$ cat model.cif   # mmCIF, C-alpha atoms
data_structure
#
loop_
_atom_site.label_atom_id
_atom_site.label_comp_id
_atom_site.auth_asym_id
_atom_site.auth_seq_id
_atom_site.Cartn_x
_atom_site.Cartn_y
_atom_site.Cartn_z
CA MET A 13 12.31 32.31 -3.89
CA PHE A 14 11.53 29.45 -6.25
CA ILE A 15 14.08 28.65 -8.96
CA ASP A 16 12.79 26.72 -11.97
CA ILE A 17 15.95 25.40 -13.56
CA HIS A 18 14.32 24.26 -16.81
CA SER A 19 11.03 25.41 -18.28
CA HIS A 20 9.42 25.56 -21.70
CA GLN A 21 6.82 28.01 -20.45
CA GLN A 22 7.28 31.55 -19.19
CA THR A 23 4.84 32.33 -16.38
CA GLY A 24 5.84 35.96 -16.03
CA ASN A 25 6.04 35.57 -12.25
CA LYS A 26 8.84 37.95 -11.32
CA LYS A 27 8.98 36.61 -7.77
CA ASN A 28 10.52 33.41 -9.11
CA ILE A 29 13.53 32.73 -11.31
CA GLU A 30 12.82 30.71 -14.44
CA ILE A 31 15.37 29.46 -16.93
CA PHE A 32 13.40 29.35 -20.15
CA ASN A 33 14.66 26.82 -22.68
CA LEU A 34 14.90 27.56 -26.38
CA TYR A 35 15.78 24.87 -28.94
CA ASP A 36 15.29 27.17 -31.94
CA ASP A 37 14.73 30.88 -32.71
CA PHE A 38 17.72 31.79 -30.55
CA ASP A 39 17.45 35.44 -31.52
CA GLY A 40 14.38 35.56 -29.27
CA VAL A 41 16.57 35.99 -26.19
CA ASN A 42 15.93 39.20 -24.25
CA ASP A 43 17.67 40.64 -21.22
CA GLU A 44 14.66 40.50 -18.90
CA ASN A 45 14.70 36.72 -18.43
CA TYR A 46 17.10 33.81 -18.05
CA TYR A 47 17.53 31.24 -20.81
CA SER A 48 19.24 28.05 -21.76
CA LEU A 49 19.92 27.46 -25.46
CA GLY A 50 20.61 24.19 -27.21
CA LEU A 51 19.76 21.92 -30.10
CA HIS A 52 17.41 19.23 -28.80
CA PRO A 53 18.21 15.72 -30.11
CA TYR A 54 14.56 15.27 -31.17
CA TYR A 55 14.73 18.05 -33.73
CA LEU A 56 18.16 17.66 -35.27
CA ASP A 57 18.50 17.93 -39.03
CA GLU A 58 21.69 16.68 -40.64
CA LEU A 59 21.60 19.40 -43.29
CA SER A 60 20.80 22.41 -41.11
CA TRP A 61 22.24 21.81 -37.63
CA LYS A 62 25.60 23.46 -38.32
CA GLN A 63 23.88 26.66 -39.42
CA GLU A 64 21.67 26.50 -36.35
CA MET A 65 24.82 26.19 -34.24
CA VAL A 66 26.07 29.46 -35.71
CA SER A 67 22.97 31.23 -34.39
CA LEU A 68 23.29 29.40 -31.07
CA GLU A 69 26.94 30.43 -30.68
CA SER A 70 26.18 34.08 -31.36
CA ASN A 71 23.41 34.22 -28.75
CA VAL A 72 24.63 31.89 -26.00
CA VAL A 73 27.30 34.37 -24.89
CA ARG A 74 24.66 36.90 -23.84
CA ASN A 75 24.37 37.60 -20.11
CA ALA A 76 20.75 36.43 -20.03
CA VAL A 77 21.79 32.94 -21.15
CA ALA A 78 22.65 30.91 -18.08
CA ALA A 79 23.41 27.55 -19.68
CA VAL A 80 24.03 25.56 -22.86
CA GLY A 81 21.29 23.02 -23.58
CA GLU A 82 19.18 21.15 -23.33
CA CYS A 83 21.38 18.94 -25.42
CA GLY A 84 22.41 15.32 -25.22
CA LEU A 85 21.53 11.81 -26.34
CA ASP A 86 18.25 9.96 -26.69
CA LYS A 87 17.96 6.32 -27.76
CA VAL A 88 14.17 6.49 -28.02
CA CYS A 89 13.80 9.30 -30.54
CA LYS A 90 14.17 8.69 -34.28
CA THR A 91 17.21 10.93 -34.80
CA ASP A 92 20.31 9.06 -35.98
CA PHE A 93 22.43 8.34 -32.92
CA THR A 94 25.72 9.16 -34.64
CA LEU A 95 24.33 12.56 -35.58
CA GLN A 96 23.20 13.08 -31.99
CA GLN A 97 26.73 12.36 -30.76
CA GLU A 98 28.28 14.78 -33.25
CA VAL A 99 25.94 17.59 -32.21
CA PHE A 100 26.31 16.83 -28.50
CA ALA A 101 30.08 17.01 -28.87
CA ALA A 102 29.73 20.49 -30.39
CA HIS A 103 27.69 21.59 -27.36
CA ILE A 104 30.27 20.24 -24.90
CA VAL A 105 33.05 22.11 -26.69
CA LEU A 106 30.98 25.30 -26.82
CA ALA A 107 30.01 25.18 -23.14
CA ASN A 108 33.62 24.75 -22.09
CA LYS A 109 34.78 27.51 -24.41
CA ILE A 110 32.38 30.06 -22.88
CA LYS A 111 32.44 28.43 -19.41
CA LYS A 112 28.69 27.97 -18.96
CA PRO A 113 26.95 24.90 -17.48
CA LEU A 114 25.44 22.14 -19.61
CA VAL A 115 21.79 21.13 -19.31
CA ILE A 116 21.55 17.52 -20.44
CA HIS A 117 18.68 15.66 -22.07
CA CYS A 118 19.40 11.98 -21.58
CA VAL A 119 17.19 9.00 -22.38
CA LYS A 120 18.67 5.52 -21.91
CA SER A 121 22.11 6.94 -22.73
CA PHE A 122 23.74 7.75 -19.38
CA GLU A 123 26.86 5.70 -20.08
CA GLU A 124 27.34 7.29 -23.51
CA VAL A 125 26.79 10.81 -22.16
CA ASP A 126 29.34 10.23 -19.41
CA LYS A 127 31.88 8.86 -21.89
CA MET A 128 31.48 11.86 -24.17
CA LEU A 129 31.85 14.33 -21.31
CA ASN A 130 35.13 12.62 -20.43
CA LEU A 131 36.25 12.34 -24.05
CA TYR A 132 35.83 16.07 -24.59
CA ASN A 133 37.41 16.92 -21.24
CA ASN A 134 34.35 18.63 -19.84
CA LYS A 135 35.07 21.01 -16.96
CA VAL A 136 31.79 22.90 -16.61
CA PRO A 137 28.91 21.93 -14.27
CA VAL A 138 26.45 19.41 -15.69
CA ILE A 139 22.71 19.26 -14.90
CA PHE A 140 20.73 16.19 -15.94
CA HIS A 141 17.29 17.71 -16.35
CA GLY A 142 14.00 15.87 -15.88
CA PHE A 143 15.66 13.01 -14.05
CA ASN A 144 13.27 10.09 -13.59
CA ARG A 145 15.45 7.00 -13.62
CA ASN A 146 16.40 4.71 -10.74
CA GLU A 147 18.38 5.09 -7.53
CA VAL A 148 21.45 3.28 -8.91
CA ILE A 149 21.87 5.75 -11.76
CA ALA A 150 21.12 8.68 -9.44
CA ARG A 151 23.88 7.61 -7.04
CA GLN A 152 26.34 7.11 -9.90
CA LEU A 153 25.70 10.56 -11.35
CA VAL A 154 25.87 12.34 -8.01
CA SER A 155 29.11 10.54 -7.16
CA LYS A 156 30.62 12.10 -10.29
CA GLY A 157 29.60 15.57 -9.13
CA PHE A 158 26.70 15.99 -11.55
CA PHE A 159 23.50 17.83 -10.64
CA LEU A 160 20.07 16.23 -11.00
CA SER A 161 16.92 18.21 -11.69
CA PHE A 162 13.52 16.73 -10.89
CA GLY A 163 10.12 17.73 -12.20
CA LYS A 164 6.59 16.41 -12.04
CA SER A 165 7.81 12.80 -11.74
CA ILE A 166 8.34 13.30 -8.00
CA LEU A 167 4.60 13.61 -7.58
CA TYR A 168 4.53 9.85 -8.08
CA THR A 169 5.74 7.94 -5.01
CA SER A 170 7.97 5.47 -6.85
CA LYS A 171 9.95 8.27 -8.47
CA GLY A 172 9.84 10.64 -5.52
CA GLU A 173 11.74 8.18 -3.38
CA ILE A 174 14.80 8.72 -5.59
CA LEU A 175 15.08 12.26 -4.19
CA LYS A 176 16.22 10.79 -0.91
CA VAL A 177 19.47 9.43 -2.38
CA VAL A 178 20.45 12.78 -3.91
CA ARG A 179 22.48 15.18 -1.80
CA LEU A 180 20.75 18.52 -1.44
CA GLU A 181 23.91 20.15 -2.81
CA ASN A 182 23.32 18.34 -6.12
CA LEU A 183 19.59 19.03 -6.44
CA PHE A 184 17.51 21.25 -8.70
CA LEU A 185 13.79 21.36 -9.48
CA GLU A 186 11.94 22.22 -12.70
CA THR A 187 8.60 22.37 -14.50
CA ASP A 188 9.88 21.38 -17.97
CA ASP A 189 6.83 21.28 -20.27
CA GLY A 190 4.37 20.19 -17.58
CA SER A 191 1.31 21.97 -16.24
CA VAL A 192 2.35 21.60 -12.59
CA SER A 193 3.64 24.82 -11.00
CA ILE A 194 7.16 25.10 -9.59
CA GLU A 195 5.63 25.88 -6.17
CA GLU A 196 3.82 22.52 -6.21
CA ILE A 197 7.01 20.70 -7.13
CA TYR A 198 8.93 22.39 -4.30
CA ASP A 199 6.18 21.50 -1.83
CA ALA A 200 6.22 17.86 -2.95
CA ALA A 201 10.02 17.70 -2.74
CA ALA A 202 10.10 19.26 0.71
CA THR A 203 7.51 16.76 1.94
CA LEU A 204 9.46 13.80 0.55
CA LEU A 205 12.72 15.09 2.03
CA GLN A 206 11.01 15.92 5.34
CA ILE A 207 12.38 19.46 5.40
CA LYS A 208 10.74 22.88 5.30
CA SER A 209 10.11 24.46 1.92
CA LEU A 210 12.15 27.54 2.91
CA GLU A 211 15.13 25.32 3.71
CA LEU A 212 14.86 23.67 0.30
CA GLN A 213 14.52 27.03 -1.44
CA SER A 214 17.62 28.31 0.35
CA GLN A 215 19.68 25.28 -0.62
CA ILE A 216 18.69 25.43 -4.27
CA GLU A 217 19.54 29.14 -4.32
CA LYS A 218 23.01 28.18 -3.07
CA ASN A 219 23.30 25.50 -5.74
CA ALA A 220 22.33 28.00 -8.42
CA THR A 221 24.87 30.60 -7.33
CA THR A 222 27.50 27.84 -7.16
CA ILE A 223 27.18 27.01 -10.85
CA PHE A 224 25.83 30.26 -12.34
CA GLY A 225 27.65 32.79 -10.19
CA ASP A 226 26.76 35.15 -7.34
CA SER A 227 24.92 37.57 -9.63
CA PHE A 228 22.45 34.92 -10.83
CA ILE A 229 19.58 35.76 -8.48
CA LYS A 230 20.00 39.50 -9.01
CA LEU A 231 18.68 39.71 -12.57
#

$ encode --input "model.cif" --output "structure tokens"
Amino acid sequence: MFIDIHSHQQTGNKKNIEIFNLYDDFDGVNDENYYSLGLHPYYLDELSWKQEMVSLESNVVRNAVAAVGECGLDKVCKTDFTLQQEVFAAHIVLANKIKKPLVIHCVKSFEEVDKMLNLYNNKVPVIFHGFNRNEVIARQLVSKGFFLSFGKSILYTSKGEILKVVRLENLFLETDDGSVSIEEIYDAAATLLQIKSLELQSQIEKNATTIFGDSFIKL
């Protein structure tokens, strides 16, 4: 079984598990798929985000919603950074209130994200999605117990090497908004890690049940 921890595209392949991300239209959740819901820092509006949070809060408690996010901080996008921090704080509080994992979008803001997670006494599992930074940051995040999710970046040798410093127990894989299939990403990861694809699939299933619960793969 292939688990795609973060996708913006639904393939309809029922043999796999996909967590489909929504950053708006939260009422679109149905009980036949898994979702993560969050306000993406790219698209935040100072005047409307609190109302959008109301819709998010009413839908995120549904059984089909596995995680809160993607949410987080991004120093490259044009959104005011103070606004990003305010909205991210609301997501941390919400995730801990309903006890669901956080899926983090983080661009050049790892120190700030970590500080905010501590400031708001985060206790839920944290997944940094689309990780493509360096080995130093990877080691730091894993040492804190965070999970890292890799996507198409591992198809490039310089980024793929980072996989080798991440414990398998802290690893997830994803397609995000790319055109590469989750099967291709698993194959590339297994090759880089020098393990069999079935072994990798088994480990990521264990990781998923660890943070989402034993019923996760039974949807």

$ residues_around --input "model.cif" --residues "Val154 in chain A" --least-positions-apart "2" --cutoff "10 Å" --atoms "all atoms listed in the file" --output "ChimeraX atom specification"
/A:149-152,156-160,177-179,181-183

$ residues_around --input "model.cif" --residues "Cys89 in chain A" --least-positions-apart "3" --cutoff "10 Å" --atoms "all atoms listed in the file" --output "list in words"
Pro53, Tyr54, Tyr55, Leu85, Asp86, Asp92, Phe93 and Val119 of chain A

$ resolve_selection --input "model.cif" --expression "the PyMOL selection byres ((chain A and resi 56-63) around 9)" --output "MDAnalysis selection string"
chainID A and resid 51:55 64:68 91:92 95:96 99

$ residues_near_point --input "model.cif" --point "(7.9, 27.4, -20.4)" --cutoff "10 Å" --atoms "all atoms listed in the file" --output "mmCIF file with C-alpha atoms, keeping the file's coordinate frame"
data_model
loop_
_atom_site.group_PDB
_atom_site.id
_atom_site.type_symbol
_atom_site.label_atom_id
_atom_site.label_comp_id
_atom_site.auth_asym_id
_atom_site.auth_seq_id
_atom_site.Cartn_x
_atom_site.Cartn_y
_atom_site.Cartn_z
ATOM 1 C CA ASP A 16 12.790 26.720 -11.970
ATOM 2 C CA HIS A 18 14.320 24.260 -16.810
ATOM 3 C CA SER A 19 11.030 25.410 -18.280
ATOM 4 C CA HIS A 20 9.420 25.560 -21.700
ATOM 5 C CA GLN A 21 6.820 28.010 -20.450
ATOM 6 C CA GLN A 22 7.280 31.550 -19.190
ATOM 7 C CA THR A 23 4.840 32.330 -16.380
ATOM 8 C CA GLY A 24 5.840 35.960 -16.030
ATOM 9 C CA GLU A 30 12.820 30.710 -14.440
ATOM 10 C CA ILE A 31 15.370 29.460 -16.930
ATOM 11 C CA PHE A 32 13.400 29.350 -20.150
ATOM 12 C CA ASN A 33 14.660 26.820 -22.680
ATOM 13 C CA LEU A 34 14.900 27.560 -26.380
ATOM 14 C CA THR A 187 8.600 22.370 -14.500
ATOM 15 C CA ASP A 188 9.880 21.380 -17.970
ATOM 16 C CA ASP A 189 6.830 21.280 -20.270
ATOM 17 C CA GLY A 190 4.370 20.190 -17.580
ATOM 18 C CA SER A 191 1.310 21.970 -16.240
#

$ residues_around --input "model.cif" --residues "Gln97 in chain A" --least-positions-apart "6" --cutoff "9 Å" --atoms "all atoms listed in the file" --output "list of chain:residue names"
A:Gly84, A:Leu85, A:Glu124, A:Val125, A:Met128

$ write_last_selection --input "model.cif" --atoms "C-alpha atoms" --output "CSV table (one decimal), in the frame of the given file"
chain,number,residue,atom,x,y,z
A,84,GLY,CA,22.4,15.3,-25.2
A,85,LEU,CA,21.5,11.8,-26.3
A,124,GLU,CA,27.3,7.3,-23.5
A,125,VAL,CA,26.8,10.8,-22.2
A,128,MET,CA,31.5,11.9,-24.2

$ resolve_selection --input "model.cif" --expression "the PyMOL selection byres ((chain A and resi 198) around 8)" --output "ChimeraX atom specification"
/A:14,185,194-197,199-202,209,212-213
